[in-house]
Each structure stands twice: as C-alpha cells, then as structure tokens.
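Visitor: Data: my_file14.csv, CSV, C-alpha atoms.
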```
chain,number,residue,atom,x,y,z
A,723,MET,CA,24.2,-46.4,22.4
A,724,THR,CA,23.9,-44.0,25.4
A,725,VAL,CA,22.6,-40.4,25.1
A,726,PRO,CA,25.1,-38.0,26.6
A,727,THR,CA,23.7,-36.0,29.4
A,728,THR,CA,24.4,-32.3,29.9
A,729,GLN,CA,26.4,-31.2,32.8
A,730,ALA,CA,24.3,-29.7,35.7
A,731,PRO,CA,24.9,-26.1,36.6
A,732,GLU,CA,27.6,-25.5,39.2
A,733,LEU,CA,28.4,-22.4,41.3
A,734,THR,CA,31.7,-22.1,43.1
A,735,ALA,CA,32.6,-19.4,45.6
A,736,GLU,CA,36.2,-18.4,45.8
A,737,GLY,CA,37.8,-16.2,48.5
A,738,SER,CA,36.2,-14.5,51.5
A,739,GLU,CA,33.4,-11.9,51.2
A,740,PRO,CA,33.1,-10.2,48.9
A,741,SER,CA,33.4,-13.5,47.1
A,742,ARG,CA,34.2,-14.3,43.5
A,743,LEU,CA,31.7,-16.7,41.9
A,744,ARG,CA,32.7,-19.1,39.2
A,745,LEU,CA,29.9,-20.7,37.1
A,746,SER,CA,30.1,-23.8,35.0
A,747,GLY,CA,27.8,-26.4,33.5
A,748,CYS,CA,24.6,-25.8,31.5
A,749,TRP,CA,22.4,-23.0,32.7
A,750,THR,CA,19.4,-23.8,30.6
A,751,LEU,CA,15.7,-24.4,30.9
A,752,GLU,CA,16.1,-28.2,31.7
A,753,HIS,CA,18.1,-27.2,34.8
A,754,ALA,CA,15.9,-24.3,36.0
A,755,LEU,CA,15.3,-25.8,39.4
A,756,ALA,CA,18.9,-26.6,40.0
A,757,ILE,CA,19.8,-23.0,38.9
A,758,GLY,CA,17.4,-21.6,41.4
A,759,ASP,CA,18.8,-23.7,44.2
A,760,ALA,CA,22.4,-22.8,43.4
A,761,LEU,CA,21.7,-19.1,43.3
A,762,LYS,CA,19.6,-19.3,46.5
A,763,HIS,CA,22.7,-20.5,48.4
A,764,ALA,CA,25.1,-18.1,46.8
A,765,PRO,CA,26.7,-15.5,49.0
A,766,PRO,CA,25.0,-12.1,48.9
A,767,GLN,CA,28.2,-10.0,48.7
A,768,VAL,CA,30.0,-10.7,45.4
A,769,ALA,CA,32.9,-8.9,43.9
A,770,GLU,CA,32.8,-10.7,40.5
A,771,VAL,CA,30.8,-13.4,38.8
A,772,ASP,CA,32.7,-15.3,36.1
A,773,VAL,CA,30.2,-16.9,33.7
A,774,THR,CA,32.8,-17.6,30.9
A,775,GLY,CA,33.0,-21.2,32.0
A,776,VAL,CA,29.4,-21.9,31.4
A,777,GLU,CA,28.9,-24.6,28.7
A,778,ARG,CA,25.4,-23.6,27.5
A,779,LEU,CA,23.3,-20.6,28.4
A,780,ASP,CA,19.8,-19.7,27.4
A,781,SER,CA,17.2,-17.0,28.4
A,782,VAL,CA,16.2,-18.8,31.6
A,783,GLY,CA,19.8,-18.8,32.9
A,784,VAL,CA,20.3,-15.1,32.0
A,785,LEU,CA,17.0,-14.1,33.7
A,786,GLN,CA,17.9,-16.1,36.8
A,787,LEU,CA,21.2,-14.3,37.0
A,788,MET,CA,19.5,-10.9,36.5
A,789,ARG,CA,17.1,-11.7,39.2
A,790,TYR,CA,19.9,-12.7,41.6
A,791,ALA,CA,21.7,-9.4,40.8
A,792,ARG,CA,18.5,-7.4,41.3
A,793,ARG,CA,17.7,-9.2,44.6
A,794,HIS,CA,21.1,-8.4,46.1
A,795,GLN,CA,21.4,-5.0,44.4
A,796,LEU,CA,24.4,-6.0,42.3
A,797,ASP,CA,25.6,-4.2,39.2
A,798,PHE,CA,24.8,-6.7,36.5
A,799,ASP,CA,26.8,-5.0,33.8
A,800,GLY,CA,29.7,-4.3,36.1
A,801,ILE,CA,30.5,-7.6,37.9
A,802,PHE,CA,29.1,-10.3,35.5
A,803,ARG,CA,31.6,-11.5,32.9
A,804,PHE,CA,30.1,-13.6,30.0
A,805,HIS,CA,31.7,-15.5,27.2
A,806,GLU,CA,31.8,-13.7,23.9
A,807,ALA,CA,29.4,-16.3,22.4
A,808,HIS,CA,26.8,-15.4,25.0
A,809,ARG,CA,27.0,-11.6,24.9
A,810,ALA,CA,24.5,-11.2,22.1
A,811,LEU,CA,21.9,-13.2,24.0
A,812,VAL,CA,22.5,-11.4,27.2
A,813,SER,CA,22.3,-8.0,25.5
A,814,ALA,CA,19.0,-8.9,23.8
A,815,ILE,CA,17.4,-10.1,27.0
A,816,GLU,CA,18.6,-7.0,28.8
A,817,ASP,CA,16.8,-4.8,26.2
A,818,VAL,CA,13.4,-6.6,26.6
A,819,ALA,CA,13.6,-7.3,30.4
A,820,ASP,CA,14.1,-3.8,31.7
A,821,GLU,CA,12.3,-3.9,35.0
A,822,ARG,CA,13.7,-0.7,36.5
A,823,PRO,CA,11.1,1.2,38.5
A,824,LYS,CA,9.4,4.1,36.7
A,825,LYS,CA,10.6,7.5,37.5
A,826,LYS,CA,8.4,9.1,40.2
A,827,ARG,CA,6.5,12.2,39.2
A,828,GLU,CA,8.2,15.3,40.4
A,829,TYR,CA,6.2,18.0,42.2
A,830,GLY,CA,6.9,21.7,42.9
A,831,VAL,CA,7.0,24.9,40.9
A,832,HIS,CA,10.0,23.9,38.8
A,833,ALA,CA,8.5,20.5,37.8
A,834,ALA,CA,5.1,22.2,37.0
A,835,LEU,CA,6.8,24.8,34.8
A,836,ALA,CA,8.8,22.1,33.0
A,837,ARG,CA,5.6,20.1,32.3
A,838,LEU,CA,3.9,23.2,31.1
A,839,GLY,CA,6.8,24.0,28.8
A,840,PHE,CA,6.7,20.5,27.3
A,841,ALA,CA,3.0,20.7,26.8
A,842,VAL,CA,3.3,24.1,25.0
A,843,THR,CA,6.0,22.8,22.8
A,844,ASP,CA,4.0,19.7,21.8
A,845,ASN,CA,0.9,21.8,21.1
A,846,TRP,CA,3.0,24.3,19.1
A,847,LYS,CA,4.3,21.4,17.0
A,848,GLU,CA,0.8,20.2,16.4
A,849,VAL,CA,-0.3,23.7,15.2
A,850,LEU,CA,2.7,23.8,12.8
A,851,ALA,CA,1.9,20.3,11.5
A,852,LEU,CA,-1.7,21.3,11.0
A,853,VAL,CA,-0.8,24.5,9.1
A,854,ALA,CA,1.7,22.7,6.9
A,855,PHE,CA,-0.8,20.0,6.2
A,856,PHE,CA,-3.4,22.6,5.3
A,857,GLY,CA,-0.9,24.2,2.8
A,858,GLU,CA,-0.1,20.8,1.3
A,859,THR,CA,-3.8,19.9,0.9
A,860,LEU,CA,-4.6,23.3,-0.6
A,861,VAL,CA,-1.8,23.1,-3.2
A,862,LYS,CA,-2.9,19.6,-4.2
A,863,MET,CA,-6.6,20.7,-4.4
A,864,LEU,CA,-5.6,23.5,-6.7
A,865,ARG,CA,-3.6,21.0,-8.8
A,866,LEU,CA,-6.9,19.3,-9.6
A,867,PHE,CA,-7.8,22.1,-11.9
A,868,LYS,CA,-4.7,21.3,-13.9
A,869,ASN,CA,-5.0,17.6,-13.7
A,870,PRO,CA,-8.8,16.8,-13.3
A,871,SER,CA,-8.0,13.1,-13.6
A,872,ARG,CA,-6.7,13.1,-10.1
A,873,PHE,CA,-10.2,13.9,-8.7
A,874,ARG,CA,-12.0,10.9,-7.1
A,875,PRO,CA,-15.7,11.5,-7.6
A,876,THR,CA,-16.8,8.1,-6.4
A,877,ALA,CA,-14.9,8.4,-3.1
A,878,THR,CA,-16.1,12.0,-2.6
A,879,VAL,CA,-19.8,11.0,-3.1
A,880,HIS,CA,-19.3,8.1,-0.7
A,881,HIS,CA,-17.9,10.3,2.0
A,882,MET,CA,-20.6,12.9,1.4
A,883,GLU,CA,-23.2,10.2,2.1
A,884,GLN,CA,-21.2,9.0,5.2
A,885,VAL,CA,-20.7,12.4,6.8
A,886,GLY,CA,-23.8,14.1,5.5
A,887,LEU,CA,-26.9,12.0,4.9
A,888,ASP,CA,-26.2,9.5,7.7
A,889,ALA,CA,-25.9,12.4,10.2
A,890,VAL,CA,-29.2,14.2,9.2
A,891,PRO,CA,-31.4,12.4,11.8
A,892,LEU,CA,-29.0,13.0,14.6
A,893,ILE,CA,-28.5,16.6,13.8
A,894,ALA,CA,-32.2,17.3,13.3
A,895,LEU,CA,-33.2,15.6,16.5
A,896,LEU,CA,-30.5,17.2,18.6
A,897,CYS,CA,-31.1,20.7,17.3
A,898,TYR,CA,-34.9,20.3,17.7
A,899,LEU,CA,-34.6,19.4,21.3
A,900,VAL,CA,-32.0,22.2,22.0
A,901,GLY,CA,-34.3,24.7,20.4
A,902,ALA,CA,-37.1,23.6,22.7
A,903,VAL,CA,-34.9,23.8,25.7
A,904,VAL,CA,-33.7,27.3,24.7
A,905,ALA,CA,-37.3,28.4,24.3
A,906,PHE,CA,-38.2,27.0,27.8
A,907,LEU,CA,-35.3,28.7,29.5
A,908,GLY,CA,-36.0,32.0,27.8
A,909,SER,CA,-39.6,31.9,28.7
A,910,THR,CA,-38.8,31.3,32.4
A,911,ILE,CA,-37.0,34.7,32.6
A,912,LEU,CA,-39.1,36.7,30.1
A,913,LYS,CA,-42.5,35.8,31.5
A,914,ASP,CA,-41.6,37.7,34.7
A,915,PHE,CA,-41.5,40.9,32.6
A,916,GLY,CA,-44.5,40.0,30.5
A,917,ALA,CA,-42.3,39.6,27.4
A,918,THR,CA,-42.8,36.0,26.6
A,919,ILE,CA,-43.2,36.9,22.9
A,920,PHE,CA,-39.5,37.8,22.7
A,921,VAL,CA,-38.8,34.0,22.9
A,922,VAL,CA,-39.2,34.1,19.2
A,923,GLU,CA,-36.2,36.4,18.7
A,924,LEU,CA,-34.2,34.6,21.3
A,925,VAL,CA,-34.6,31.2,19.5
A,926,SER,CA,-34.2,32.5,16.0
A,927,ILE,CA,-31.1,34.6,16.6
A,928,ALA,CA,-29.5,32.0,18.8
A,929,PHE,CA,-29.9,29.3,16.2
A,930,LEU,CA,-29.1,31.3,13.1
A,931,ARG,CA,-26.0,32.8,14.5
A,932,GLU,CA,-24.6,30.3,17.0
A,933,PHE,CA,-26.3,27.1,18.0
A,934,GLY,CA,-27.1,25.7,14.5
A,935,VAL,CA,-23.5,25.8,13.2
A,936,LEU,CA,-21.9,25.1,16.6
A,937,LEU,CA,-24.0,22.0,17.4
A,938,THR,CA,-23.5,20.7,13.9
A,939,ALA,CA,-19.7,21.2,14.0
A,940,ILE,CA,-19.4,19.6,17.5
A,941,VAL,CA,-21.4,16.5,16.4
A,942,LEU,CA,-19.3,16.1,13.3
A,943,ALA,CA,-16.1,16.7,15.2
A,944,GLY,CA,-17.0,13.7,17.4
A,945,ARG,CA,-18.5,11.6,14.7
A,946,THR,CA,-16.7,12.4,11.5
A,947,ALA,CA,-13.2,13.4,12.7
A,948,SER,CA,-12.9,10.2,14.7
A,949,ALA,CA,-14.1,8.1,11.6
A,950,PHE,CA,-11.5,9.8,9.4
A,951,THR,CA,-8.7,9.1,11.9
A,952,ALA,CA,-9.7,5.5,12.5
A,953,GLN,CA,-10.1,4.8,8.7
A,954,ILE,CA,-6.8,6.3,7.7
A,955,GLY,CA,-5.0,5.1,10.8
A,956,ALA,CA,-6.1,1.5,10.1
A,957,MET,CA,-4.7,1.8,6.6
A,958,VAL,CA,-1.4,3.1,7.9
A,959,SER,CA,-1.2,0.2,10.4
A,960,ARG,CA,-1.9,-2.3,7.6
A,961,GLU,CA,0.8,-0.5,5.5
A,962,GLU,CA,-1.8,0.3,2.8
A,963,VAL,CA,-0.6,3.9,2.7
A,964,ASP,CA,2.9,2.8,2.1
A,965,ALA,CA,1.6,0.6,-0.7
A,966,ILE,CA,-0.2,3.6,-2.2
A,967,ARG,CA,3.1,5.5,-2.2
A,968,THR,CA,5.0,2.5,-3.7
A,969,LEU,CA,2.5,2.4,-6.6
A,970,GLY,CA,3.4,6.0,-7.3
A,971,MET,CA,0.1,7.5,-6.1
A,972,ASP,CA,-0.4,10.4,-3.6
A,973,PRO,CA,-2.3,9.5,-0.4
A,974,VAL,CA,-3.5,13.1,-0.1
A,975,ASP,CA,-5.2,12.8,-3.5
A,976,LEU,CA,-6.8,9.4,-2.6
A,977,LEU,CA,-7.5,9.8,1.1
A,978,VAL,CA,-7.6,13.4,2.2
A,979,ILE,CA,-9.0,15.5,-0.6
A,980,PRO,CA,-12.3,13.5,-1.0
A,981,ARG,CA,-12.9,13.7,2.7
A,982,VAL,CA,-12.2,17.4,2.8
A,983,LEU,CA,-14.4,18.2,-0.2
A,984,ALA,CA,-17.2,16.0,1.2
A,985,LEU,CA,-17.2,17.8,4.6
A,986,LEU,CA,-16.9,21.2,2.9
A,987,VAL,CA,-20.1,20.5,0.9
A,988,MET,CA,-22.2,18.7,3.6
A,989,LEU,CA,-21.5,20.7,6.8
A,990,PRO,CA,-23.2,23.9,5.4
A,991,LEU,CA,-26.2,21.8,4.4
A,992,LEU,CA,-26.3,20.1,7.8
A,993,THR,CA,-26.0,23.6,9.4
A,994,PHE,CA,-29.1,24.7,7.4
A,995,ILE,CA,-31.0,21.6,8.6
A,996,ALA,CA,-29.9,22.3,12.2
A,997,MET,CA,-31.2,25.9,12.0
A,998,VAL,CA,-34.6,24.8,10.6
A,999,ALA,CA,-34.8,22.0,13.3
A,1000,GLY,CA,-34.0,24.5,16.1
A,1001,LEU,CA,-36.6,27.0,14.9
A,1002,LEU,CA,-39.2,24.2,14.8
A,1003,GLY,CA,-38.3,23.2,18.3
A,1004,GLY,CA,-38.9,26.8,19.5
A,1005,LEU,CA,-42.1,26.9,17.5
A,1006,THR,CA,-43.4,23.7,19.1
A,1007,VAL,CA,-42.7,25.1,22.6
A,1008,GLY,CA,-44.2,28.4,21.8
A,1009,ALA,CA,-47.4,26.8,20.5
A,1010,TYR,CA,-47.9,24.1,23.1
A,1011,GLY,CA,-46.1,25.4,26.1
A,1012,LEU,CA,-46.3,29.2,26.0
A,1013,ASP,CA,-49.7,29.7,24.5
A,1014,ILE,CA,-48.3,31.5,21.5
A,1015,PRO,CA,-50.4,30.6,18.4
A,1016,PRO,CA,-48.3,29.2,15.5
A,1017,GLN,CA,-49.6,31.9,13.2
A,1018,GLN,CA,-48.5,34.6,15.6
A,1019,TYR,CA,-45.1,32.9,16.2
A,1020,LEU,CA,-44.4,32.6,12.5
A,1021,ALA,CA,-45.5,36.2,11.9
A,1022,ARG,CA,-43.3,37.5,14.7
A,1023,MET,CA,-40.4,35.4,13.3
A,1024,HIS,CA,-41.0,36.8,9.8
A,1025,ASP,CA,-41.0,40.4,11.0
A,1026,THR,CA,-37.9,40.1,13.3
A,1027,MET,CA,-35.7,37.7,11.5
A,1028,GLN,CA,-32.8,39.3,9.6
A,1029,LEU,CA,-30.7,37.9,6.8
A,1030,ARG,CA,-27.4,38.9,8.4
A,1031,HIS,CA,-27.9,36.5,11.3
A,1032,PHE,CA,-28.3,33.6,8.8
A,1033,LEU,CA,-25.2,34.7,6.8
A,1034,VAL,CA,-23.1,35.0,10.0
A,1035,GLY,CA,-24.0,31.4,11.0
A,1036,MET,CA,-23.4,30.0,7.5
A,1037,SER,CA,-20.1,31.8,7.0
A,1038,LYS,CA,-18.6,29.7,9.9
A,1039,ALA,CA,-19.6,26.3,8.4
A,1040,PRO,CA,-16.9,26.0,5.7
A,1041,ILE,CA,-14.2,27.0,8.2
A,1042,PHE,CA,-15.3,24.5,10.7
A,1043,ALA,CA,-15.6,21.8,8.0
A,1044,LEU,CA,-12.0,22.5,6.8
A,1045,LEU,CA,-10.7,22.4,10.3
A,1046,ILE,CA,-12.5,19.1,11.3
A,1047,SER,CA,-11.5,17.3,8.1
A,1048,LEU,CA,-7.9,18.3,8.2
A,1049,ILE,CA,-7.4,17.4,11.9
A,1050,GLY,CA,-9.1,14.0,11.3
A,1051,CYS,CA,-7.0,13.2,8.3
A,1052,LEU,CA,-3.7,14.5,9.8
A,1053,GLU,CA,-4.1,12.5,13.0
A,1054,GLY,CA,-4.8,9.4,10.9
A,1055,LEU,CA,-1.7,9.8,8.8
A,1056,GLN,CA,0.3,10.2,12.1
A,1057,VAL,CA,-0.6,6.8,13.4
A,1058,LYS,CA,2.5,4.8,14.2
A,1059,GLY,CA,1.2,1.4,13.2
A,1060,THR,CA,-0.2,-0.1,16.4
A,1061,ALA,CA,-3.8,-0.5,17.6
A,1062,GLN,CA,-2.9,1.6,20.6
A,1063,SER,CA,-1.7,4.4,18.4
A,1064,VAL,CA,-4.9,4.3,16.4
A,1065,GLY,CA,-6.9,4.8,19.6
A,1066,GLU,CA,-4.7,7.6,20.9
A,1067,ARG,CA,-4.8,9.5,17.6
A,1068,THR,CA,-8.6,9.0,17.3
A,1069,THR,CA,-9.1,10.5,20.8
A,1070,SER,CA,-6.7,13.3,20.0
A,1071,SER,CA,-8.5,14.2,16.8
A,1072,VAL,CA,-11.9,14.4,18.6
A,1073,VAL,CA,-10.5,16.5,21.4
A,1074,GLN,CA,-8.6,18.9,19.1
A,1075,SER,CA,-11.6,19.3,16.7
A,1076,ILE,CA,-14.1,20.1,19.4
A,1077,SER,CA,-11.7,22.4,21.3
A,1078,LEU,CA,-10.8,24.4,18.2
A,1079,VAL,CA,-14.4,24.6,17.0
A,1080,ILE,CA,-15.5,26.1,20.3
A,1081,VAL,CA,-12.5,28.5,20.5
A,1082,LEU,CA,-13.0,29.7,16.9
A,1083,ASP,CA,-16.7,30.1,17.5
A,1084,ALA,CA,-16.0,32.3,20.5
A,1085,PHE,CA,-13.5,34.3,18.5
A,1086,PHE,CA,-16.0,34.8,15.6
A,1087,ALA,CA,-18.8,35.8,18.0
A,1088,ILE,CA,-16.7,38.6,19.5
A,1089,TRP,CA,-15.4,39.7,16.1
A,1090,PHE,CA,-18.9,39.9,14.6
A,1091,MET,CA,-20.1,41.7,17.6
A,1092,GLU,CA,-17.4,44.3,17.4
A,1093,MET,CA,-18.0,44.7,13.7
A,1094,GLY,CA,-21.7,45.4,14.4
A,1095,TRP,CA,-22.9,42.4,12.4
```
Would it be possible to restate this file's structure as structure tokens?

Guide:
Amino acid sequence: MTVPTTQAPELTAEGSEPSRLRLSGCWTLEHALAIGDALKHAPPQVAEVDVTGVERLDSVGVLQLMRYARRHQLDFDGIFRFHEAHRALVSAIEDVADERPKKKREYGVHAALARLGFAVTDNWKEVLALVAFFGETLVKMLRLFKNPSRFRPTATVHHMEQVGLDAVPLIALLCYLVGAVVAFLGSTILKDFGATIFVVELVSIAFLREFGVLLTAIVLAGRTASAFTAQIGAMVSREEVDAIRTLGMDPVDLLVIPRVLALLVMLPLLTFIAMVAGLLGGLTVGAYGLDIPPQQYLARMHDTMQLRHFLVGMSKAPIFALLISLIGCLEGLQVKGTAQSVGERTTSSVVQSISLVIVLDAFFAIWFMEMGW
C-alpha cells in the first residue's frame, strides 16, 4: 500500500505585467521551502492573485503570501482571492499578524493641544470615577448600621495591622531623621541672628501642622495604596471578584470597606507617632548639636506649643486616609485581568495618591492661614 503524497505548491503567471498569478497545490508547512522559492521568482507587479485553486492552506502559506504582498507593496485584501473554505483562516491570521508600522508622533501646536485635551478628559473621567466610588462606599458604610452582619471585623483588624503596626518603625525613623534635618537647617539661618533657641518653635510648628501628617500620608500612599491595588487587582485577574458577585456578595463590603476603615483608624495614630518622632529628632539635635539643654528645650516647647497646631495637623489625617484608601481600592477594581494591567494600575494609584495628598495639603495650608488658624 502506498501513501499518497500531497501536491507541491505551484505558481503560474498569466499575461504580461502586471501579471495574474494562479496558485495550486498544497501551501502548507511541509512545503515551506518550496513556497519561499516559488514566491521569490514571482513577478513583482501583479494585478491579481488567484488562490482559489489551492488544495490545502495553513498559516505558513498565508503568512508567506502576506510577506510577499508586503515586500512588493501589494494590497493583500484587494488582489488576493481565496477559496471560501480558507477565508476564515486568512481573516484570523490577519487579525493577529498586523505588522503595520506604528503611527508617528505628531508635533506642533495642534498636536500638543490635542494631547492636552485627551489628558484632561482622561483625568476628568478619573475624578468622576473617584467621586462616584466615594459615594458608593459611603452609602454601603452607612448600610452597616442597618445590617451589622455585613461588617467584617477580622478583615478590618488584619488590615489595621498591615497598614498601621507594620508601618510604625518606618514612620518613626523617617520623621525622626526629618525632624533632625529641619532643626539643623533652621539653626544654620537662625544662629546668624543669635536666635538659635527659635529652632524649638520651628520644629514643633512644622511637625504639628505639616510634616507629621504629610510624611505619614506620603509613605502610606506609596506603601498602602500600592498594596491595596495589587491585592484587589490580583483577585480581579484571577476572577475572584466575579466569583464573589456570583455568590451574591458585594465586593465593596468584603474588599473595600475593611481597608477604608483600617486606614481611617490607623493613619491618625501614625500621624501622632510621626509628630512625636519629629519632635524627638529636633530635641536630639538641639541637645547634642546646638548646645540647648534638654530641660531648656522641653520648657521652651511647653511654653510655645499651641493646641491649635496639633488639631490642624490631625484634622487632615482622616481626609488623607479616605483619599488613599479609595484610590487604592478603585484602581484595583479597574484592573483588566492581565499582569501588565495590575502593574499599570498599581503605579497609577501611587502617583495619584501622592499627587492629591500634596495638592490637598497645600490647599489646607493656605486655607488655614487665611482663616488665622
């Protein structure tokens, strides 16, 4: 018994240039070399390519024909005629083998304004999404008073440990060193006027009003917002969030509210620790670098420190906590399901959180100054 062999690919040119090519035989992987030789000797100027006579066609044959058309700048869709049985294969390969060159970046005033417009539109959509997500989260947090069984105490305590206790050493060390740096910088200027003792007011007011809450919020924006986005984004990519909805549960109750409540509780506590650490940093520099005795430093701090500075700083902490947690959770829920999307959304949540924290802190500083607080 003999095994029938498939017919080799054939290419016939009809007419003068531009020619009409007629293909026959099997244009498959086993004849890849023969296909390449046939197309190498084909005329460059072609009016029509008839592929309806091909017996068998696979992806190798289609890709070779597409390469021939691209090499000779031929319209693949216009002059190539395929058999009806092969059209689905050709269409599928065209969809995944699009090698058209990328559109070049346009320059000029018009292109710059267009890019600016697209960026403003995208940012405005992000703002609307954040406001809508805040409203949804607020409504479902208020729903907890009506249905306390929806509250997840175990998850909330777990996230409180993750975002709070685990961050204490970093916050304390960072603010201690920044307090020391602020004291050194202040003394460099004040000693020229014989007013080194005013370093006490500089450090205390700076950390109670600004540096304590700002440094804490920036650290948590980079540490906690990224963690929230990565955790929820990984669940979205593994379709766990869809499974939660399928089971009739609300992802906001399970994933968002525990994280928001944990950050609302822990960020003010971390802010207080940051304030204390910053004041200790200033005290250390005053005692060992500026020849201010600790007793005198503490007495000056006690006499000049005002409660309103502490309240101004602490009043910003819940707002920053709400902002960081909402951005982190929202970006996580917007993951599209790929690892690249998780990375992009994590980066976006960190950038948005830090940027908005700094912008809001500047706004609050100006507002409190105008109000005389």

Visitor: Give me the residues near range 1022-1032 of chain A as a PyMOL selection string, where near means some atom within 10 Å (using all atoms listed in the file) and where sequence neighbours in that chain fewer than 6 positions away do not count.

Guide: chain A and resi 919-923+925-932+934+994+997+1001+1005+1016+1095

Visitor: Just the selected residues (C-alpha atoms), exported as a PDB file, keeping the file's coordinate frame, please.

Guide:
```pdb
ATOM      1  CA  ILE A 919     -43.200  36.900  22.900  1.00  0.00           C
ATOM      2  CA  PHE A 920     -39.500  37.800  22.700  1.00  0.00           C
ATOM      3  CA  VAL A 921     -38.800  34.000  22.900  1.00  0.00           C
ATOM      4  CA  VAL A 922     -39.200  34.100  19.200  1.00  0.00           C
ATOM      5  CA  GLU A 923     -36.200  36.400  18.700  1.00  0.00           C
ATOM      6  CA  VAL A 925     -34.600  31.200  19.500  1.00  0.00           C
ATOM      7  CA  SER A 926     -34.200  32.500  16.000  1.00  0.00           C
ATOM      8  CA  ILE A 927     -31.100  34.600  16.600  1.00  0.00           C
ATOM      9  CA  ALA A 928     -29.500  32.000  18.800  1.00  0.00           C
ATOM     10  CA  PHE A 929     -29.900  29.300  16.200  1.00  0.00           C
ATOM     11  CA  LEU A 930     -29.100  31.300  13.100  1.00  0.00           C
ATOM     12  CA  ARG A 931     -26.000  32.800  14.500  1.00  0.00           C
ATOM     13  CA  GLU A 932     -24.600  30.300  17.000  1.00  0.00           C
ATOM     14  CA  GLY A 934     -27.100  25.700  14.500  1.00  0.00           C
ATOM     15  CA  PHE A 994     -29.100  24.700   7.400  1.00  0.00           C
ATOM     16  CA  MET A 997     -31.200  25.900  12.000  1.00  0.00           C
ATOM     17  CA  LEU A1001     -36.600  27.000  14.900  1.00  0.00           C
ATOM     18  CA  LEU A1005     -42.100  26.900  17.500  1.00  0.00           C
ATOM     19  CA  PRO A1016     -48.300  29.200  15.500  1.00  0.00           C
ATOM     20  CA  TRP A1095     -22.900  42.400  12.400  1.00  0.00           C
TER      21      TRP A1095
END
```

Visitor: Please measure the separation of CA of Ser1077 in chain A and CA of Val978 in chain A, giving the value in Å to one decimal.

Guide: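 Between CA of Ser1077 in chain A and CA of Val978 in chain A the gap works out to 21.5 Å.
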
Visitor: To one decimal in Å, tell me the separation between CA of Ala877 in chain A and CA of Phe950 in chain A.

Guide: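 Separation of CA of Ala877 in chain A and CA of Phe950 in chain A: 13.0 Å.
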
Visitor: Rank nothing, just name the residue among A:Phe1085, A:Tyr829, A:Phe804, A:Phe855 nearest to Leu1055 in chain A, using only C-alpha atoms.

Guide: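 Checking each candidate against Leu1055 in chain A, we get A:Phe855 as the closest.
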
Visitor: To one decimal place, how far is CA of Glu752 in chain A from CA of Tyr790 in chain A in Å?

Guide: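 It comes out at 18.8 Å.
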
Visitor: Name the closest residue to Leu850 in chain A among the candidates A:Arg1067, A:Arg744, A:Asp888, A:Ile1049; distances are taken between atoms, counting all atoms listed in the file.

Guide: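 Nearest candidate to Leu850 in chain A out of A:Arg1067, A:Arg744, A:Asp888, A:Ile1049: A:Ile1049.
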
Visitor: Name the closest residue to Ala894 in chain A among the candidates A:Thr993, A:Thr951, A:Gln1062, A:Ser871; distances are taken between atoms, counting only C-alpha atoms.

Guide: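 Looking at the shortest contact to Ala894 in chain A, the residue is A:Thr993.
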
Visitor: Might you pull out every residue within 10 Å of Thr938 in chain A, with all atoms listed in the file counted and same-chain residues fewer than 6 positions away left off, and present them as a VMD selection string?

Guide: chain A and resid 889 to 890 892 to 894 896 to 897 989 to 997 1039 1042 to 1043

Visitor: Could you tell me which of A:Leu1045, A:Met1093, A:Ala984, A:Ala1021 comes closest to Gln884 in chain A if we count all atoms listed in the file?

Guide: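 Closest residue, counting all atoms listed in the file: A:Ala984.
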
Visitor: Between A:Val1072, A:Leu779, A:Ile815, A:Leu787, which is the closest to Ala949 in chain A once you count all atoms listed in the file?

Guide: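 That would be A:Val1072, the residue with the smallest distance to Ala949 in chain A.
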
Visitor: Could you list, as a PDB file with C-alpha atoms, in the frame of the given file, every residue within 10 Å of range 860-867 of chain A, counting only C-alpha atoms and ignoring same-chain residues fewer than 4 positions away?

Guide:
```pdb
ATOM      1  CA  ALA A 854       1.700  22.700   6.900  1.00  0.00           C
ATOM      2  CA  PHE A 855      -0.800  20.000   6.200  1.00  0.00           C
ATOM      3  CA  PHE A 856      -3.400  22.600   5.300  1.00  0.00           C
ATOM      4  CA  SER A 871      -8.000  13.100 -13.600  1.00  0.00           C
ATOM      5  CA  ARG A 872      -6.700  13.100 -10.100  1.00  0.00           C
ATOM      6  CA  PHE A 873     -10.200  13.900  -8.700  1.00  0.00           C
ATOM      7  CA  ASP A 972      -0.400  10.400  -3.600  1.00  0.00           C
ATOM      8  CA  VAL A 974      -3.500  13.100  -0.100  1.00  0.00           C
ATOM      9  CA  ASP A 975      -5.200  12.800  -3.500  1.00  0.00           C
ATOM     10  CA  VAL A 978      -7.600  13.400   2.200  1.00  0.00           C
ATOM     11  CA  ILE A 979      -9.000  15.500  -0.600  1.00  0.00           C
ATOM     12  CA  PRO A 980     -12.300  13.500  -1.000  1.00  0.00           C
ATOM     13  CA  VAL A 982     -12.200  17.400   2.800  1.00  0.00           C
ATOM     14  CA  LEU A 983     -14.400  18.200  -0.200  1.00  0.00           C
TER      15      LEU A 983
END
```

Visitor: Arg960 in chain A: which residues within 12 Å, counting only C-alpha atoms, same-chain residues fewer than 5 positions away excluded, as number ranges by chain?

Guide: A: 953-955, 965-966, 1057-1061, 1064

Visitor: I want to know what sits within 9 Å of Ser746 in chain A, based on all atoms listed in the file, with residues of the same chain fewer than 6 positions away left out; could you give that as a ChimeraX atom specification?

Guide: /A:729-734,772-778

Visitor: Go ahead and save the residues from that selection, with C-alpha atoms, as a compact mmCIF listing (two decimals), in the frame of the given file.

Guide:
```
# COMPACT_ATOMS: atom_id res chain seq x y z
CA GLN A 729 26.40 -31.20 32.80
CA ALA A 730 24.30 -29.70 35.70
CA PRO A 731 24.90 -26.10 36.60
CA GLU A 732 27.60 -25.50 39.20
CA LEU A 733 28.40 -22.40 41.30
CA THR A 734 31.70 -22.10 43.10
CA ASP A 772 32.70 -15.30 36.10
CA VAL A 773 30.20 -16.90 33.70
CA THR A 774 32.80 -17.60 30.90
CA GLY A 775 33.00 -21.20 32.00
CA VAL A 776 29.40 -21.90 31.40
CA GLU A 777 28.90 -24.60 28.70
CA ARG A 778 25.40 -23.60 27.50
```

Visitor: Nearest to Thr878 in chain A: which of A:Met988, A:Val903, A:Leu761, A:Ile801 is it, counting only C-alpha atoms?

Guide: A:Met988

Visitor: Neighbourhood query: residues within 9 Å of (21.3, -12.4, 28.7), file coordinates, counting all atoms listed in the file; return as a PyMOL selection string.

Guide: chain A and resi 779-785+787-788+804+808-816
